[in-house]
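Asks: Can you keep this structure in mind? I'll have questions shortly.
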Amino acid sequence: MTRPLLHRDDPERTPLIGNQKVTREDWLAHARDVLVRDGVAHVKILPLAGRMGVSRSSFYWFFKHRQELLDALLAQWQAKNTGALVAQSELPAPTITAAVCNVQRCVVDPELYETKLDFAVRDWARQSDKVRKLLRASDATRIAALTAMFRRYDYDAAEAETRAFTLYYMQIGYDLADLEEPIEVRLGRFSEYLHVFTGRTPRPEEVAEFTAFARQHWERRERA
């Protein structure tokens, strides 16, 4: 297969298609957008090339075939979403309620964790045994991380795992319901949610800090 021409001054040796230089990340970003909006069946090479205004041959500079692109999307999802939730659960915090606040930042910061991408992968898993296995493994990794988080604050093994399940799957159901709940209503309940998740009363400063963080990100999202 003929490779696209290269821009001589490009240290990363990305292809130059006409006047349009593209990268592997460009292909992944557009493919991710299509996956989230339309589903995996619509992630196809020729339509993606049309969206980007490049020739189809550009694709083969970065990927051998469509399956390699799909595998790269799954690897990105794992690194970003599963990676973010695990990392947030491992952050040091003075109390379990503060630790849960760290995890809940994934809910409101799309730069940290993409909820829509997670749902797209869950839809994809209904069509693919391979993706379903990856999703189950990812869910297990996330639950294990949350369980370990509760264990660090002296919950016994059974309670820690039960609270991890409650925290994790409640959030999935909450997002799936798409309640269109006003931000002030949701944030007004946050202190009680923390009490339900942990069985402990949060400190006022913990609630205030998370509330300010969440309001900032939700308002930014509305302006976008």
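Every chain in the structure tokens takes a letter, A first, then B, and so on in the order presented; its residues are numbered from 1, and the ligands are numbered from 1 following the presented order.
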Could you name the residues that touch A:Gly188 at 10 Å or less, counting only C-alpha atoms, but leaving out those on the same chain fewer than 6 positions away, as a PyMOL selection string?
Replies: chain A and resi 182+207+211
Asks: Using the selection just defined, write its residues with N, CA, C and O atoms as a compact mmCIF listing (two decimals), in the first residue's frame.
Replies:
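What ended up in part_37.txt:
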# COMPACT_ATOMS: atom_id res chain seq x y z
N PRO A 182 -31.80 20.52 38.01
CA PRO A 182 -31.08 21.79 38.19
C PRO A 182 -29.87 21.60 39.09
O PRO A 182 -29.92 20.84 40.07
N VAL A 207 -17.88 19.71 51.72
CA VAL A 207 -19.04 19.94 50.86
C VAL A 207 -18.89 21.25 50.10
O VAL A 207 -19.17 21.32 48.90
N THR A 211 -18.71 21.55 46.09
CA THR A 211 -19.79 22.31 45.48
C THR A 211 -19.25 23.41 44.57
O THR A 211 -19.74 23.62 43.45
Asks: If you run DSSP on the backbone, which residues of stretch 4-222 of chain A are strand (DSSP E), as a list in words?
Replies: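 Of stretch 4-222 of chain A, the ones in strand (DSSP E) are Leu16, Ile17, Gln20 and Lys21 of chain A.
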Asks: So the first atom is atom CA of A:Leu69 and the second is atom CA of A:Arg122; what is the distance between them in Å, to one decimal place?
Replies: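 So the answer is 17.7 Å.
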Asks: Could you check the closest approach to A:Leu134 for each of A:Ala93, A:Ala75, A:Arg151, A:Gly173 and tell me which residue wins, using only C-alpha atoms?
Replies: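 Of A:Ala93, A:Ala75, A:Arg151, A:Gly173, the one nearest A:Leu134 is A:Ala75, counting only C-alpha atoms.
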Asks: Going by DSSP on the backbone, which bits of stretch 9-205 of chain A are helix (DSSP H, G or I)? Write them as a ChimeraX atom specification, please.
Replies: /A:24-38,40-42,45-52,56-62,66-89,96-108,115-125,129-151,157-177,183-188,190-198,204-205
Asks: Near A:Ala125, counting only C-alpha atoms, which residues have an atom at most 10 Å away, once you skip same-chain residues fewer than 4 positions from it, shown as a PyMOL selection string?
Replies: chain A and resi 40+119-121+129-136
Asks: What would the file look like if the residues just selected were written as an mmCIF file, in the first residue's frame with N, CA and C atoms?
Replies:
data_model
loop_
_atom_site.group_PDB
_atom_site.id
_atom_site.type_symbol
_atom_site.label_atom_id
_atom_site.label_comp_id
_atom_site.auth_asym_id
_atom_site.auth_seq_id
_atom_site.Cartn_x
_atom_site.Cartn_y
_atom_site.Cartn_z
ATOM 1 N N VAL A 40 -20.824 2.517 17.543
ATOM 2 C CA VAL A 40 -19.647 1.933 16.902
ATOM 3 C C VAL A 40 -19.892 1.570 15.448
ATOM 4 N N PHE A 119 -20.825 5.405 28.396
ATOM 5 C CA PHE A 119 -22.097 4.853 27.940
ATOM 6 C C PHE A 119 -21.992 4.321 26.522
ATOM 7 N N ALA A 120 -21.201 4.970 25.682
ATOM 8 C CA ALA A 120 -21.005 4.482 24.315
ATOM 9 C C ALA A 120 -20.345 3.107 24.331
ATOM 10 N N VAL A 121 -19.364 2.920 25.213
ATOM 11 C CA VAL A 121 -18.703 1.624 25.315
ATOM 12 C C VAL A 121 -19.670 0.578 25.878
ATOM 13 N N ASP A 129 -18.787 -9.577 22.222
ATOM 14 C CA ASP A 129 -18.329 -10.340 23.384
ATOM 15 C C ASP A 129 -16.991 -9.815 23.892
ATOM 16 N N LYS A 130 -16.111 -9.439 22.953
ATOM 17 C CA LYS A 130 -14.797 -8.927 23.333
ATOM 18 C C LYS A 130 -14.932 -7.669 24.178
ATOM 19 N N VAL A 131 -15.767 -6.749 23.733
ATOM 20 C CA VAL A 131 -15.929 -5.485 24.458
ATOM 21 C C VAL A 131 -16.644 -5.734 25.779
ATOM 22 N N ARG A 132 -17.587 -6.660 25.788
ATOM 23 C CA ARG A 132 -18.280 -6.979 27.039
ATOM 24 C C ARG A 132 -17.304 -7.501 28.087
ATOM 25 N N LYS A 133 -16.360 -8.340 27.681
ATOM 26 C CA LYS A 133 -15.347 -8.835 28.617
ATOM 27 C C LYS A 133 -14.465 -7.701 29.129
ATOM 28 N N LEU A 134 -14.080 -6.802 28.221
ATOM 29 C CA LEU A 134 -13.273 -5.652 28.639
ATOM 30 C C LEU A 134 -14.044 -4.767 29.616
ATOM 31 N N LEU A 135 -15.334 -4.571 29.350
ATOM 32 C CA LEU A 135 -16.153 -3.735 30.225
ATOM 33 C C LEU A 135 -16.284 -4.360 31.603
ATOM 34 N N ARG A 136 -16.511 -5.661 31.647
ATOM 35 C CA ARG A 136 -16.619 -6.338 32.944
ATOM 36 C C ARG A 136 -15.313 -6.239 33.729
#
Asks: Counting only C-alpha atoms, what is within 9 Å of A:Leu167, bar same-chain residues fewer than 5 positions away, as a short mmCIF file (atom, residue, chain, number, x, y, z; two decimals) with N, CA, C and O atoms, in the first residue's frame?
Replies:
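Dumped to around06.cif:
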data_model
loop_
_atom_site.label_atom_id
_atom_site.label_comp_id
_atom_site.auth_asym_id
_atom_site.auth_seq_id
_atom_site.Cartn_x
_atom_site.Cartn_y
_atom_site.Cartn_z
N VAL A 100 -14.49 10.38 48.87
CA VAL A 100 -15.61 10.24 47.93
C VAL A 100 -15.77 11.51 47.10
O VAL A 100 -16.08 11.45 45.91
N LEU A 146 -12.45 1.29 44.49
CA LEU A 146 -13.34 1.94 45.45
C LEU A 146 -13.40 1.15 46.75
O LEU A 146 -13.45 1.73 47.84
N THR A 162 -19.64 -3.42 49.61
CA THR A 162 -21.03 -3.03 49.42
C THR A 162 -21.15 -1.53 49.16
O THR A 162 -21.89 -1.09 48.28
N PHE A 197 -23.56 7.38 51.13
CA PHE A 197 -22.46 6.59 50.58
C PHE A 197 -21.52 6.06 51.66
O PHE A 197 -20.98 4.96 51.54
N THR A 198 -21.32 6.85 52.71
CA THR A 198 -20.27 6.53 53.69
C THR A 198 -20.78 6.16 55.08
O THR A 198 -20.04 5.55 55.86
#
Asks: Go through stretch 89-173 of chain A residue by residue and, counting only C-alpha atoms, keep those with an atom at most 12 Å from stretch 200-204 of chain A; for each kept residue give the shortest atom pair and its distance in Å to one decimal, ordered by chain and increasing number, as JSON lines.
Replies:
{"residue": "A:Pro94", "atom": "CA", "partner": "A:Arg203", "partner_atom": "CA", "distance": 10.4}
{"residue": "A:Thr95", "atom": "CA", "partner": "A:Pro202", "partner_atom": "CA", "distance": 8.2}
{"residue": "A:Ile96", "atom": "CA", "partner": "A:Arg200", "partner_atom": "CA", "distance": 8.1}
{"residue": "A:Thr97", "atom": "CA", "partner": "A:Pro202", "partner_atom": "CA", "distance": 5.5}
{"residue": "A:Ala98", "atom": "CA", "partner": "A:Pro202", "partner_atom": "CA", "distance": 7.5}
{"residue": "A:Ala99", "atom": "CA", "partner": "A:Pro202", "partner_atom": "CA", "distance": 10.5}
{"residue": "A:Val100", "atom": "CA", "partner": "A:Pro202", "partner_atom": "CA", "distance": 10.0}
{"residue": "A:Cys101", "atom": "CA", "partner": "A:Pro202", "partner_atom": "CA", "distance": 9.8}
{"residue": "A:Phe150", "atom": "CA", "partner": "A:Arg200", "partner_atom": "CA", "distance": 11.9}
{"residue": "A:Tyr153", "atom": "CA", "partner": "A:Arg200", "partner_atom": "CA", "distance": 11.1}
{"residue": "A:Tyr155", "atom": "CA", "partner": "A:Arg200", "partner_atom": "CA", "distance": 11.5}
Asks: Kindly export the residues of the current selection with C-alpha atoms, as a JSON list (two decimals), in the first residue's frame.
Replies:
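Output contents, as saved in part-v3.json:
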[["chain", "number", "residue", "atom", "x", "y", "z"],
["A", 94, "PRO", "CA", -8.30, 13.20, 55.61],
["A", 95, "THR", "CA", -11.72, 11.51, 55.73],
["A", 96, "ILE", "CA", -13.72, 9.00, 53.71],
["A", 97, "THR", "CA", -16.20, 11.73, 52.78],
["A", 98, "ALA", "CA", -13.36, 13.80, 51.34],
["A", 99, "ALA", "CA", -12.15, 10.70, 49.47],
["A", 100, "VAL", "CA", -15.61, 10.24, 47.93],
["A", 101, "CYS", "CA", -15.56, 13.92, 46.93],
["A", 150, "PHE", "CA", -13.22, 2.39, 51.85],
["A", 153, "TYR", "CA", -10.87, 4.24, 56.35],
["A", 155, "TYR", "CA", -14.55, -0.32, 56.91]]
Asks: Separation of atom CA of A:Leu91 and atom CA of A:Glu111, in Å?
Replies: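 Here the two named atoms are 17.5 Å from each other.
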Asks: Residues within 7 Å of stretch 102-104 of chain A, please, as a list in words. Count only C-alpha atoms; anything in the same chain fewer than 4 positions from it doesn't count.
Replies: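 Residues near the query, excluding close chain neighbours: Leu85, Gln88, Ser89 and Ala98 of chain A.
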Asks: Check the smallest atom-to-atom distance from each of A:Arg24, A:Arg51, A:Arg163, A:Arg189 to A:Ile143 using only C-alpha atoms, then report the winner.
Replies: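 That would be A:Arg163, the residue with the smallest distance to A:Ile143.
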Asks: Can you tell me which residues surround stretch 26-38 of chain A at a distance of at most 10 Å, considering only C-alpha atoms, apart from same-chain residues fewer than 2 positions away, and format the answer as a CSV table (one decimal) with all heavy atoms, in the first residue's frame?
Replies:
chain,number,residue,atom,x,y,z
A,21,LYS,N,-2.7,18.7,7.2
A,21,LYS,CA,-1.8,17.7,7.9
A,21,LYS,C,-2.7,17.1,9.0
A,21,LYS,O,-3.4,17.8,9.8
A,21,LYS,CB,-0.6,18.4,8.5
A,21,LYS,CG,0.4,17.5,9.1
A,21,LYS,CD,1.6,18.2,9.6
A,21,LYS,CE,1.3,19.2,10.8
A,21,LYS,NZ,2.6,19.8,11.3
A,22,VAL,N,-2.7,15.8,9.1
A,22,VAL,CA,-3.4,15.1,10.2
A,22,VAL,C,-2.5,14.2,11.0
A,22,VAL,O,-1.4,13.9,10.6
A,22,VAL,CB,-4.6,14.3,9.6
A,22,VAL,CG1,-5.6,15.1,8.8
A,22,VAL,CG2,-4.0,13.2,8.6
A,23,THR,N,-3.0,13.9,12.2
A,23,THR,CA,-2.2,13.0,13.1
A,23,THR,C,-3.1,11.8,13.5
A,23,THR,O,-4.3,11.8,13.3
A,23,THR,CB,-1.8,13.8,14.4
A,23,THR,OG1,-3.0,14.1,15.1
A,23,THR,CG2,-1.1,15.1,14.0
A,24,ARG,N,-2.4,10.9,14.2
A,24,ARG,CA,-3.2,9.7,14.7
A,24,ARG,C,-4.2,10.2,15.7
A,24,ARG,O,-5.3,9.7,15.7
A,24,ARG,CB,-2.2,8.8,15.4
A,24,ARG,CG,-2.7,7.5,15.8
A,24,ARG,CD,-1.6,6.6,16.4
A,24,ARG,NE,-2.1,5.2,16.7
A,24,ARG,CZ,-2.7,4.9,17.8
A,24,ARG,NH1,-2.8,5.8,18.8
A,24,ARG,NH2,-3.1,3.6,18.0
A,40,VAL,N,-20.8,2.5,17.5
A,40,VAL,CA,-19.6,1.9,16.9
A,40,VAL,C,-19.9,1.6,15.4
A,40,VAL,O,-19.0,1.6,14.6
A,40,VAL,CB,-19.2,0.7,17.7
A,40,VAL,CG1,-20.2,-0.4,17.6
A,40,VAL,CG2,-17.8,0.2,17.2
A,41,ALA,N,-21.1,1.2,15.1
A,41,ALA,CA,-21.4,0.8,13.7
A,41,ALA,C,-21.1,2.0,12.7
A,41,ALA,O,-20.9,1.7,11.5
A,41,ALA,CB,-22.9,0.4,13.5
A,42,HIS,N,-21.1,3.2,13.2
A,42,HIS,CA,-20.9,4.4,12.3
A,42,HIS,C,-19.4,4.8,12.3
A,42,HIS,O,-19.0,5.7,11.6
A,42,HIS,CB,-21.7,5.5,12.7
A,42,HIS,CG,-23.2,5.3,12.5
A,42,HIS,ND1,-23.9,5.6,11.4
A,42,HIS,CD2,-24.1,4.7,13.4
A,42,HIS,CE1,-25.1,5.2,11.5
A,42,HIS,NE2,-25.3,4.7,12.7
A,43,VAL,N,-18.5,4.1,13.1
A,43,VAL,CA,-17.1,4.4,13.1
A,43,VAL,C,-16.5,3.7,11.9
A,43,VAL,O,-16.1,2.6,12.0
A,43,VAL,CB,-16.4,4.0,14.4
A,43,VAL,CG1,-14.9,4.4,14.3
A,43,VAL,CG2,-17.1,4.7,15.6
A,44,LYS,N,-16.4,4.4,10.7
A,44,LYS,CA,-16.0,3.8,9.5
A,44,LYS,C,-14.9,4.7,8.8
A,44,LYS,O,-15.0,6.0,9.0
A,44,LYS,CB,-17.1,3.5,8.5
A,44,LYS,CG,-18.1,2.5,9.1
A,44,LYS,CD,-19.2,2.3,8.1
A,44,LYS,CE,-20.2,1.2,8.6
A,44,LYS,NZ,-21.3,1.0,7.7
A,45,ILE,N,-14.0,4.1,8.1
A,45,ILE,CA,-12.9,4.9,7.6
A,45,ILE,C,-13.3,6.0,6.6
A,45,ILE,O,-12.9,7.2,6.8
A,45,ILE,CB,-11.9,3.9,7.0
A,45,ILE,CG1,-11.4,2.9,8.0
A,45,ILE,CG2,-10.7,4.7,6.4
A,45,ILE,CD1,-10.6,1.8,7.4
A,47,PRO,N,-16.2,7.6,5.9
A,47,PRO,CA,-16.9,8.8,6.5
A,47,PRO,C,-16.0,9.6,7.4
A,47,PRO,O,-16.2,10.8,7.4
A,47,PRO,CB,-18.1,8.1,7.2
A,47,PRO,CG,-18.3,6.8,6.6
A,47,PRO,CD,-16.9,6.3,6.2
A,48,LEU,N,-15.1,9.0,8.1
A,48,LEU,CA,-14.2,9.7,9.0
A,48,LEU,C,-13.3,10.6,8.2
A,48,LEU,O,-13.1,11.8,8.5
A,48,LEU,CB,-13.4,8.8,9.9
A,48,LEU,CG,-14.1,8.2,11.1
A,48,LEU,CD1,-13.2,7.1,11.7
A,48,LEU,CD2,-14.5,9.2,12.1
A,49,ALA,N,-12.8,10.1,7.1
A,49,ALA,CA,-11.9,10.8,6.2
A,49,ALA,C,-12.7,12.0,5.6
A,49,ALA,O,-12.1,13.1,5.5
A,49,ALA,CB,-11.4,10.0,5.1
A,51,ARG,N,-15.2,13.6,7.1
A,51,ARG,CA,-15.4,14.6,8.1
A,51,ARG,C,-14.1,15.4,8.3
A,51,ARG,O,-14.2,16.6,8.6
A,51,ARG,CB,-15.6,13.9,9.5
A,51,ARG,CG,-17.1,13.4,9.7
A,51,ARG,CD,-17.1,12.5,10.9
A,51,ARG,NE,-16.6,13.1,12.1
A,51,ARG,CZ,-17.3,13.7,13.0
A,51,ARG,NH1,-18.6,13.8,12.9
A,51,ARG,NH2,-16.7,14.2,14.1
A,52,MET,N,-12.9,14.8,8.1
A,52,MET,CA,-11.7,15.5,8.3
A,52,MET,C,-11.2,16.2,7.1
A,52,MET,O,-10.2,17.0,7.2
A,52,MET,CB,-10.6,14.5,8.8
A,52,MET,CG,-11.0,13.8,10.1
A,52,MET,SD,-10.0,12.3,10.5
A,52,MET,CE,-8.4,13.1,10.7
A,58,SER,N,-4.8,8.4,4.1
A,58,SER,CA,-4.2,9.0,5.4
A,58,SER,C,-4.4,8.0,6.5
A,58,SER,O,-3.5,7.9,7.4
A,58,SER,CB,-4.9,10.3,5.7
A,58,SER,OG,-4.6,10.7,7.0
A,59,PHE,N,-5.5,7.3,6.6
A,59,PHE,CA,-5.8,6.4,7.7
A,59,PHE,C,-4.7,5.4,7.8
A,59,PHE,O,-4.3,5.0,8.9
A,59,PHE,CB,-7.2,5.8,7.4
A,59,PHE,CG,-7.5,4.7,8.4
A,59,PHE,CD1,-8.1,5.0,9.6
A,59,PHE,CD2,-7.3,3.4,8.2
A,59,PHE,CE1,-8.5,4.1,10.6
A,59,PHE,CE2,-7.6,2.4,9.1
A,59,PHE,CZ,-8.2,2.7,10.3
A,62,PHE,N,-1.5,5.4,9.9
A,62,PHE,CA,-1.5,5.3,11.4
A,62,PHE,C,-2.1,3.9,11.8
A,62,PHE,O,-1.8,3.5,12.9
A,62,PHE,CB,-2.4,6.4,12.0
A,62,PHE,CG,-1.9,7.8,11.6
A,62,PHE,CD1,-2.6,8.6,10.7
A,62,PHE,CD2,-0.7,8.2,12.2
A,62,PHE,CE1,-2.1,9.8,10.4
A,62,PHE,CE2,-0.2,9.5,11.9
A,62,PHE,CZ,-0.9,10.3,11.0
A,63,PHE,N,-3.0,3.3,11.0
A,63,PHE,CA,-3.7,2.1,11.4
A,63,PHE,C,-3.6,1.1,10.3
A,63,PHE,O,-3.8,1.5,9.1
A,63,PHE,CB,-5.1,2.4,11.8
A,63,PHE,CG,-5.3,3.4,12.9
A,63,PHE,CD1,-5.5,4.7,12.5
A,63,PHE,CD2,-5.2,3.1,14.2
A,63,PHE,CE1,-5.7,5.7,13.5
A,63,PHE,CE2,-5.3,4.1,15.2
A,63,PHE,CZ,-5.6,5.4,14.8
A,69,LEU,N,-8.1,0.7,14.8
A,69,LEU,CA,-8.7,1.9,15.3
A,69,LEU,C,-9.6,1.7,16.5
A,69,LEU,O,-9.6,2.4,17.5
A,69,LEU,CB,-9.4,2.7,14.1
A,69,LEU,CG,-10.2,3.9,14.5
A,69,LEU,CD1,-9.3,5.0,15.0
A,69,LEU,CD2,-11.1,4.4,13.3
A,70,LEU,N,-10.5,0.7,16.3
A,70,LEU,CA,-11.4,0.4,17.4
A,70,LEU,C,-10.7,0.0,18.7
A,70,LEU,O,-11.1,0.4,19.8
A,70,LEU,CB,-12.4,-0.7,17.0
A,70,LEU,CG,-13.3,-0.4,15.8
A,70,LEU,CD1,-14.2,-1.6,15.5
A,70,LEU,CD2,-14.1,0.9,16.0
A,72,ALA,N,-7.8,0.9,19.5
A,72,ALA,CA,-7.1,2.1,20.1
A,72,ALA,C,-8.2,2.9,20.9
A,72,ALA,O,-7.9,3.5,21.9
A,72,ALA,CB,-6.5,2.9,19.0
A,73,LEU,N,-9.4,3.0,20.4
A,73,LEU,CA,-10.5,3.7,21.1
A,73,LEU,C,-10.7,3.1,22.4
A,73,LEU,O,-10.9,3.7,23.5
A,73,LEU,CB,-11.8,3.7,20.3
A,73,LEU,CG,-11.8,4.6,19.1
A,73,LEU,CD1,-13.1,4.4,18.3
A,73,LEU,CD2,-11.7,6.1,19.5
A,74,LEU,N,-10.7,1.7,22.5
A,74,LEU,CA,-11.0,1.0,23.7
A,74,LEU,C,-9.8,1.3,24.7
A,74,LEU,O,-10.0,1.5,25.9
A,74,LEU,CB,-11.1,-0.5,23.5
A,74,LEU,CG,-12.4,-0.9,22.8
A,74,LEU,CD1,-12.4,-2.3,22.4
A,74,LEU,CD2,-13.6,-0.6,23.8
A,76,GLN,N,-7.9,3.9,24.8
A,76,GLN,CA,-8.1,5.3,25.2
A,76,GLN,C,-9.1,5.4,26.4
A,76,GLN,O,-8.9,6.1,27.4
A,76,GLN,CB,-8.5,6.2,24.1
A,76,GLN,CG,-7.5,7.1,23.6
A,76,GLN,CD,-8.0,8.2,22.6
A,76,GLN,OE1,-9.2,8.3,22.4
A,76,GLN,NE2,-7.1,8.9,22.1
A,77,TRP,N,-10.2,4.7,26.1
A,77,TRP,CA,-11.3,4.7,27.2
A,77,TRP,C,-10.8,4.1,28.5
A,77,TRP,O,-11.1,4.7,29.5
A,77,TRP,CB,-12.5,3.9,26.6
A,77,TRP,CG,-13.4,3.4,27.7
A,77,TRP,CD1,-14.3,4.1,28.4
A,77,TRP,CD2,-13.5,2.0,28.1
A,77,TRP,NE1,-15.0,3.3,29.3
A,77,TRP,CE2,-14.5,2.0,29.1
A,77,TRP,CE3,-12.9,0.8,27.8
A,77,TRP,CZ2,-14.9,0.9,29.8
A,77,TRP,CZ3,-13.3,-0.3,28.5
A,77,TRP,CH2,-14.3,-0.3,29.4
A,114,GLU,N,-15.0,10.9,30.9
A,114,GLU,CA,-16.0,11.2,29.9
A,114,GLU,C,-17.2,10.2,30.1
A,114,GLU,O,-17.1,9.0,29.7
A,114,GLU,CB,-15.5,11.0,28.5
A,114,GLU,CG,-14.5,12.1,28.0
A,114,GLU,CD,-14.2,12.0,26.5
A,114,GLU,OE1,-15.1,12.1,25.7
A,114,GLU,OE2,-13.0,11.7,26.3
A,115,THR,N,-18.2,10.7,30.7
A,115,THR,CA,-19.4,9.9,31.0
A,115,THR,C,-20.0,9.4,29.7
A,115,THR,O,-20.4,8.2,29.6
A,115,THR,CB,-20.4,10.6,31.8
A,115,THR,OG1,-19.8,11.0,33.1
A,115,THR,CG2,-21.7,9.8,32.1
A,116,LYS,N,-20.2,10.2,28.7
A,116,LYS,CA,-20.8,9.8,27.4
A,116,LYS,C,-20.0,8.7,26.7
A,116,LYS,O,-20.5,7.8,26.1
A,116,LYS,CB,-21.0,11.0,26.5
A,116,LYS,CG,-22.0,12.0,27.0
A,116,LYS,CD,-22.1,13.2,26.1
A,116,LYS,CE,-23.2,14.2,26.5
A,116,LYS,NZ,-23.3,15.3,25.6
A,117,LEU,N,-18.7,8.8,26.8
A,117,LEU,CA,-17.8,7.8,26.3
A,117,LEU,C,-18.1,6.4,27.0
A,117,LEU,O,-18.1,5.4,26.4
A,117,LEU,CB,-16.3,8.2,26.4
A,117,LEU,CG,-15.3,7.1,25.9
A,117,LEU,CD1,-15.6,6.8,24.4
A,117,LEU,CD2,-13.9,7.7,26.1
A,118,ASP,N,-18.2,6.5,28.3
A,118,ASP,CA,-18.5,5.3,29.1
A,118,ASP,C,-19.8,4.6,28.6
A,118,ASP,O,-19.8,3.4,28.4
A,118,ASP,CB,-18.6,5.6,30.5
A,118,ASP,CG,-17.7,4.7,31.4
A,118,ASP,OD1,-16.5,4.6,31.1
A,118,ASP,OD2,-18.2,4.0,32.3
A,119,PHE,N,-20.8,5.4,28.4
A,119,PHE,CA,-22.1,4.9,27.9
A,119,PHE,C,-22.0,4.3,26.5
A,119,PHE,O,-22.6,3.3,26.2
A,119,PHE,CB,-23.2,5.9,28.0
A,119,PHE,CG,-23.8,6.0,29.4
A,119,PHE,CD1,-23.7,7.2,30.1
A,119,PHE,CD2,-24.3,4.9,30.1
A,119,PHE,CE1,-24.2,7.4,31.4
A,119,PHE,CE2,-24.8,5.1,31.4
A,119,PHE,CZ,-24.7,6.3,32.0
A,120,ALA,N,-21.2,5.0,25.7
A,120,ALA,CA,-21.0,4.5,24.3
A,120,ALA,C,-20.3,3.1,24.3
A,120,ALA,O,-20.7,2.2,23.5
A,120,ALA,CB,-20.2,5.5,23.5
A,121,VAL,N,-19.4,2.9,25.2
A,121,VAL,CA,-18.7,1.6,25.3
A,121,VAL,C,-19.7,0.6,25.9
A,121,VAL,O,-19.7,-0.6,25.4
A,121,VAL,CB,-17.4,1.7,26.2
A,121,VAL,CG1,-16.8,0.3,26.5
A,121,VAL,CG2,-16.4,2.6,25.5
A,123,ASP,N,-22.9,0.5,25.4
A,123,ASP,CA,-23.8,0.2,24.3
A,123,ASP,C,-23.0,-0.8,23.3
A,123,ASP,O,-23.6,-1.8,22.8
A,123,ASP,CB,-24.2,1.4,23.5
A,123,ASP,CG,-25.2,2.2,24.3
A,123,ASP,OD1,-25.9,1.6,25.1
A,123,ASP,OD2,-25.4,3.4,24.0
A,124,TRP,N,-21.8,-0.5,23.1
A,124,TRP,CA,-20.9,-1.3,22.2
A,124,TRP,C,-20.8,-2.7,22.8
A,124,TRP,O,-20.8,-3.7,22.0
A,124,TRP,CB,-19.6,-0.6,22.1
A,124,TRP,CG,-18.6,-1.2,21.2
A,124,TRP,CD1,-18.7,-2.3,20.4
A,124,TRP,CD2,-17.3,-0.7,20.9
A,124,TRP,NE1,-17.5,-2.5,19.7
A,124,TRP,CE2,-16.6,-1.5,20.0
A,124,TRP,CE3,-16.6,0.5,21.4
A,124,TRP,CZ2,-15.3,-1.3,19.5
A,124,TRP,CZ3,-15.3,0.7,21.0
A,124,TRP,CH2,-14.7,-0.2,20.0
Asks: Would you compute the distance between atom CA of A:Lys64 and atom CA of A:Lys80? Give it in Å to one decimal.
Replies: 23.5 Å
Asks: Determine, counting only C-alpha atoms, which protein, DNA and RNA residues have an atom within 12 Å of an atom of A:Glu184; residues of the same chain fewer than 4 positions away are not included. Present the result as a PyMOL selection string.
Replies: chain A and resi 180+188-190+211-212+214-215+218-219
Asks: Could you write those residues out with N, CA and C atoms, as an mmCIF file, in the first residue's frame?
Replies:
data_model
loop_
_atom_site.group_PDB
_atom_site.id
_atom_site.type_symbol
_atom_site.label_atom_id
_atom_site.label_comp_id
_atom_site.auth_asym_id
_atom_site.auth_seq_id
_atom_site.Cartn_x
_atom_site.Cartn_y
_atom_site.Cartn_z
ATOM 1 N N GLU A 180 -32.052 15.727 34.084
ATOM 2 C CA GLU A 180 -32.060 17.164 33.790
ATOM 3 C C GLU A 180 -32.360 17.957 35.067
ATOM 4 N N GLY A 188 -27.600 20.706 46.352
ATOM 5 C CA GLY A 188 -28.243 20.833 47.653
ATOM 6 C C GLY A 188 -28.396 19.506 48.379
ATOM 7 N N ARG A 189 -28.381 18.422 47.618
ATOM 8 C CA ARG A 189 -28.505 17.092 48.207
ATOM 9 C C ARG A 189 -27.147 16.442 48.468
ATOM 10 N N PHE A 190 -26.075 17.093 48.060
ATOM 11 C CA PHE A 190 -24.781 16.417 48.037
ATOM 12 C C PHE A 190 -24.325 15.971 49.425
ATOM 13 N N THR A 211 -18.708 21.547 46.088
ATOM 14 C CA THR A 211 -19.792 22.305 45.476
ATOM 15 C C THR A 211 -19.251 23.406 44.570
ATOM 16 N N ALA A 212 -18.224 24.101 45.024
ATOM 17 C CA ALA A 212 -17.614 25.156 44.209
ATOM 18 C C ALA A 212 -16.990 24.563 42.948
ATOM 19 N N ALA A 214 -17.838 21.724 41.424
ATOM 20 C CA ALA A 214 -18.884 21.237 40.540
ATOM 21 C C ALA A 214 -19.599 22.382 39.833
ATOM 22 N N ARG A 215 -19.914 23.443 40.573
ATOM 23 C CA ARG A 215 -20.613 24.583 39.971
ATOM 24 C C ARG A 215 -19.772 25.210 38.866
ATOM 25 N N TRP A 218 -19.907 22.792 35.793
ATOM 26 C CA TRP A 218 -21.216 22.731 35.150
ATOM 27 C C TRP A 218 -21.549 24.048 34.449
ATOM 28 N N GLU A 219 -21.201 25.151 35.049
ATOM 29 C CA GLU A 219 -21.450 26.443 34.391
ATOM 30 C C GLU A 219 -20.609 26.579 33.135
#
Asks: Which of these residues is nearest to A:Asp139, using only C-alpha atoms: A:Thr82, A:Gln127, A:Ser191, A:Gln171?
Replies: A:Thr82
